[in-house]
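File shown: run34.csv (CSV, C-alpha atoms).
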```csv
chain,number,residue,atom,x,y,z
A,1218,MET,CA,0.0,0.0,0.0
A,1219,GLY,CA,1.4,3.4,-1.0
A,1220,THR,CA,1.7,6.4,1.3
A,1221,SER,CA,-1.3,8.2,-0.3
A,1222,GLU,CA,-3.5,5.1,0.1
A,1223,ALA,CA,-2.5,4.7,3.8
A,1224,LEU,CA,-3.2,8.4,4.4
A,1225,ARG,CA,-6.6,8.1,2.7
A,1226,ARG,CA,-7.5,5.0,4.9
A,1227,LEU,CA,-6.3,6.9,8.0
A,1228,PHE,CA,-8.6,9.8,7.1
A,1229,ILE,CA,-11.6,7.6,6.5
A,1230,VAL,CA,-11.1,5.9,9.9
A,1231,SER,CA,-11.3,9.3,11.6
A,1232,GLU,CA,-14.5,10.2,9.8
A,1233,SER,CA,-17.6,9.1,11.7
A,1234,LEU,CA,-21.2,10.0,12.1
A,1235,THR,CA,-23.0,10.1,15.5
A,1236,ARG,CA,-26.7,10.0,16.0
A,1237,LEU,CA,-28.8,9.5,19.1
A,1238,LEU,CA,-31.3,6.6,18.9
A,1239,LYS,CA,-34.1,6.2,21.4
A,1240,ARG,CA,-35.6,2.8,22.5
A,1241,ASN,CA,-39.2,3.7,21.7
A,1242,GLU,CA,-38.7,5.7,18.5
A,1243,PRO,CA,-38.2,4.4,14.9
A,1244,LYS,CA,-34.6,3.6,14.0
A,1245,ALA,CA,-34.4,2.0,10.6
A,1246,GLU,CA,-34.8,5.2,8.6
A,1247,ILE,CA,-32.2,7.0,10.7
A,1248,VAL,CA,-29.6,4.2,10.4
A,1249,GLU,CA,-30.2,3.9,6.7
A,1250,SER,CA,-29.9,7.6,6.1
A,1251,GLN,CA,-26.6,7.7,8.1
A,1252,VAL,CA,-25.2,4.8,6.2
A,1253,LYS,CA,-26.1,6.4,2.8
A,1254,LYS,CA,-24.6,9.8,4.0
A,1255,PHE,CA,-21.4,8.1,5.1
A,1256,PHE,CA,-20.8,6.3,1.7
A,1257,ARG,CA,-21.9,9.4,-0.2
A,1258,GLU,CA,-19.4,11.6,1.6
A,1259,THR,CA,-16.4,9.2,1.7
A,1260,ASN,CA,-14.5,6.9,-0.7
A,1261,ALA,CA,-14.9,4.0,1.8
A,1262,GLU,CA,-15.9,0.6,0.5
A,1263,GLU,CA,-16.8,-0.6,4.0
A,1264,ALA,CA,-18.0,0.8,7.3
A,1265,VAL,CA,-18.4,-0.3,10.8
A,1266,ILE,CA,-21.5,0.4,12.9
A,1267,THR,CA,-21.1,0.6,16.6
A,1268,ILE,CA,-23.9,1.1,19.0
A,1269,LYS,CA,-23.3,2.0,22.6
A,1270,GLU,CA,-25.3,3.4,25.5
A,1271,ASN,CA,-25.6,7.1,25.6
A,1272,ARG,CA,-24.0,8.2,28.9
A,1273,ASN,CA,-24.6,11.9,28.3
A,1274,THR,CA,-20.9,12.7,28.5
A,1275,ARG,CA,-19.8,16.2,27.7
A,1276,THR,CA,-20.3,17.3,24.2
A,1277,THR,CA,-17.6,18.1,21.7
A,1278,GLU,CA,-18.9,21.7,21.6
A,1279,GLN,CA,-18.7,21.9,25.4
A,1280,ASN,CA,-15.1,20.6,25.3
A,1281,ASP,CA,-14.2,23.1,22.5
A,1282,LEU,CA,-15.6,26.0,24.5
A,1283,TYR,CA,-13.7,24.9,27.6
A,1284,TRP,CA,-10.4,24.8,25.7
A,1285,VAL,CA,-11.1,28.2,24.1
A,1286,ILE,CA,-11.5,29.6,27.7
A,1287,VAL,CA,-8.4,27.8,28.9
A,1288,GLY,CA,-6.4,29.0,25.9
A,1289,GLN,CA,-7.4,32.6,26.4
A,1290,ILE,CA,-6.8,32.8,30.1
A,1291,ARG,CA,-3.5,31.0,30.1
A,1292,LYS,CA,-2.1,33.7,27.9
A,1293,GLU,CA,-3.2,36.3,30.4
A,1294,VAL,CA,-1.6,34.6,33.4
A,1295,HIS,CA,1.4,33.3,31.4
A,1296,CYS,CA,1.2,29.6,31.9
A,1297,SER,CA,0.7,26.5,29.8
A,1298,GLU,CA,-2.8,25.1,28.9
A,1299,GLU,CA,-2.0,22.0,31.0
A,1300,VAL,CA,-1.2,24.1,34.1
A,1301,MET,CA,-4.3,26.3,33.6
A,1302,HIS,CA,-6.5,23.2,33.1
A,1303,ASP,CA,-5.1,21.7,36.4
A,1304,HIS,CA,-5.5,25.0,38.2
A,1305,LEU,CA,-9.2,25.3,37.2
A,1306,ARG,CA,-9.9,21.7,38.2
A,1307,GLU,CA,-8.2,22.2,41.5
A,1308,GLU,CA,-10.1,25.4,42.3
A,1309,LEU,CA,-13.5,24.3,41.0
A,1310,THR,CA,-13.9,20.6,41.4
A,1311,ASP,CA,-13.6,18.1,44.3
A,1312,VAL,CA,-10.0,17.2,44.9
A,1313,THR,CA,-9.3,13.8,46.4
A,1314,TYR,CA,-6.0,12.3,47.7
A,1315,GLU,CA,-4.7,8.8,47.5
A,1316,THR,CA,-1.6,7.4,49.2
A,1317,VAL,CA,0.7,4.9,47.5
A,1318,ALA,CA,3.8,3.6,49.2
A,1319,GLY,CA,3.6,6.3,51.9
A,1320,LYS,CA,3.4,9.1,49.3
A,1321,THR,CA,0.2,11.2,49.0
A,1322,HIS,CA,-1.0,12.0,45.5
A,1323,LYS,CA,-3.6,14.6,44.5
A,1324,ARG,CA,-6.4,13.4,42.1
A,1325,LEU,CA,-8.3,16.0,40.1
A,1326,LYS,CA,-11.6,15.3,38.6
A,1327,SER,CA,-11.4,14.5,34.9
A,1328,THR,CA,-13.5,16.7,32.6
A,1329,LYS,CA,-13.6,13.8,30.1
A,1330,LYS,CA,-15.8,11.9,32.6
A,1331,MET,CA,-18.3,14.8,33.2
A,1332,ASN,CA,-21.8,14.5,31.8
A,1333,THR,CA,-23.3,17.4,29.9
A,1334,LYS,CA,-24.9,18.9,33.0
A,1335,GLU,CA,-21.7,18.7,35.1
A,1336,MET,CA,-19.6,20.1,32.2
A,1337,GLY,CA,-22.1,23.0,31.8
A,1338,ILE,CA,-21.9,23.8,35.5
A,1339,TYR,CA,-18.1,23.5,35.5
A,1340,ILE,CA,-17.7,25.8,32.5
A,1341,ALA,CA,-20.1,28.4,34.1
A,1342,SER,CA,-18.0,28.1,37.3
A,1343,CYS,CA,-14.8,28.6,35.3
A,1344,ILE,CA,-16.2,31.8,33.6
A,1345,ASP,CA,-17.3,33.2,37.0
A,1346,TYR,CA,-14.0,32.3,38.6
A,1347,ILE,CA,-11.9,33.8,35.8
A,1348,GLN,CA,-13.8,37.0,35.5
A,1349,GLY,CA,-14.3,37.4,39.2
A,1350,GLU,CA,-11.6,36.0,41.4
A,1351,LEU,CA,-8.6,35.2,39.1
A,1352,ILE,CA,-8.6,38.4,37.1
A,1353,PRO,CA,-11.3,40.8,38.5
A,1354,GLY,CA,-13.1,42.6,35.7
A,1355,TYR,CA,-11.5,40.5,32.9
A,1356,LYS,CA,-14.0,39.7,30.1
A,1357,LEU,CA,-13.5,36.4,28.2
A,1358,LYS,CA,-14.1,36.6,24.4
A,1359,LEU,CA,-16.7,33.8,24.1
A,1360,PRO,CA,-18.1,32.5,20.8
A,1361,VAL,CA,-21.7,33.2,19.7
A,1362,GLY,CA,-24.1,30.7,21.2
A,1363,TRP,CA,-21.9,29.7,24.1
A,1364,ARG,CA,-24.7,30.0,26.7
A,1365,LYS,CA,-26.6,27.1,25.3
A,1366,LEU,CA,-23.7,24.9,26.0
A,1367,LEU,CA,-24.1,25.4,29.7
A,1368,LEU,CA,-27.6,24.1,29.8
A,1369,ASP,CA,-28.5,20.4,30.1
A,1370,GLU,CA,-31.3,19.9,27.6
```
Target format structure tokens, applied to this file:
Amino acid sequence: MGTSEALRRLFIVSESLTRLLKRNEPKAEIVESQVKKFFRETNAEEAVITIKENRNTRTTEQNDLYWVIVGQIRKEVHCSEEVMHDHLREELTDVTYETVAGKTHKRLKSTKKMNTKEMGIYIASCIDYIQGELIPGYKLKLPVGWRKLLLDE
């Protein structure tokens, strides 16, 4: 397989469609339309369908908004995204401690494991903290429509 074919296959693997299905609602038309859309929009000869329980984990849009916020504020306080991410989690989520071989380790709550409601509350807390306590009077530059990402609908 040539380099271009390998890159094409890698690209196709990263392309996916996501759709919420509900137990008591028709599914056949949804699945068929998603399959047709996938093959229409890619050069793939095969596809894999995976069905998993919806655990209401944070949305991609919530995650993107969070990292926009982290990226803006880290420039203001002159630190890395990683340090700002850890700082916000340490300030705004429950911190636990575990001891291994006599050494205590801090555990910060993972934003990856937050559901949509928890992530919405966490982002709202980040905004309040940043604009209030961290840099009083600072105004984050937030994208249009950001408020809807804080609500659990």
Show me, as a ChimeraX atom specification, the residues that have an atom within 12 Å of Glu1315 in chain A when counting all atoms listed in the file, minus same-chain residues fewer than 6 positions from it. /A:1321-1325
Expressed in Å, the length from CA of Leu1368 in chain A to CA of Lys1334 in chain A is 6.7 Å
Who sits within 12 Å of range 1234-1242 of chain A, all atoms listed in the file, same chain under 5 positions skipped, as an MDAnalysis selection string: chainID A and resid 1229 1247:1256 1258:1259 1264:1273 1276:1277
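If you look at CA of Met1336 in chain A and CA of Val1287 in chain A, they are 14.0 Å away from each other.
CA of Ile1352 in chain A is positioned 12.2 Å from CA of Gln1289 in chain A.
Taking only C-alpha atoms into account, those protein, DNA and RNA residues with any atom at most 7 Å away from (-7.8, 17.6, 41.5) amount to Arg1306, Glu1307, Thr1310, Asp1311, Val1312, Thr1313, Lys1323, Arg1324, Leu1325 and Lys1326 of chain A.
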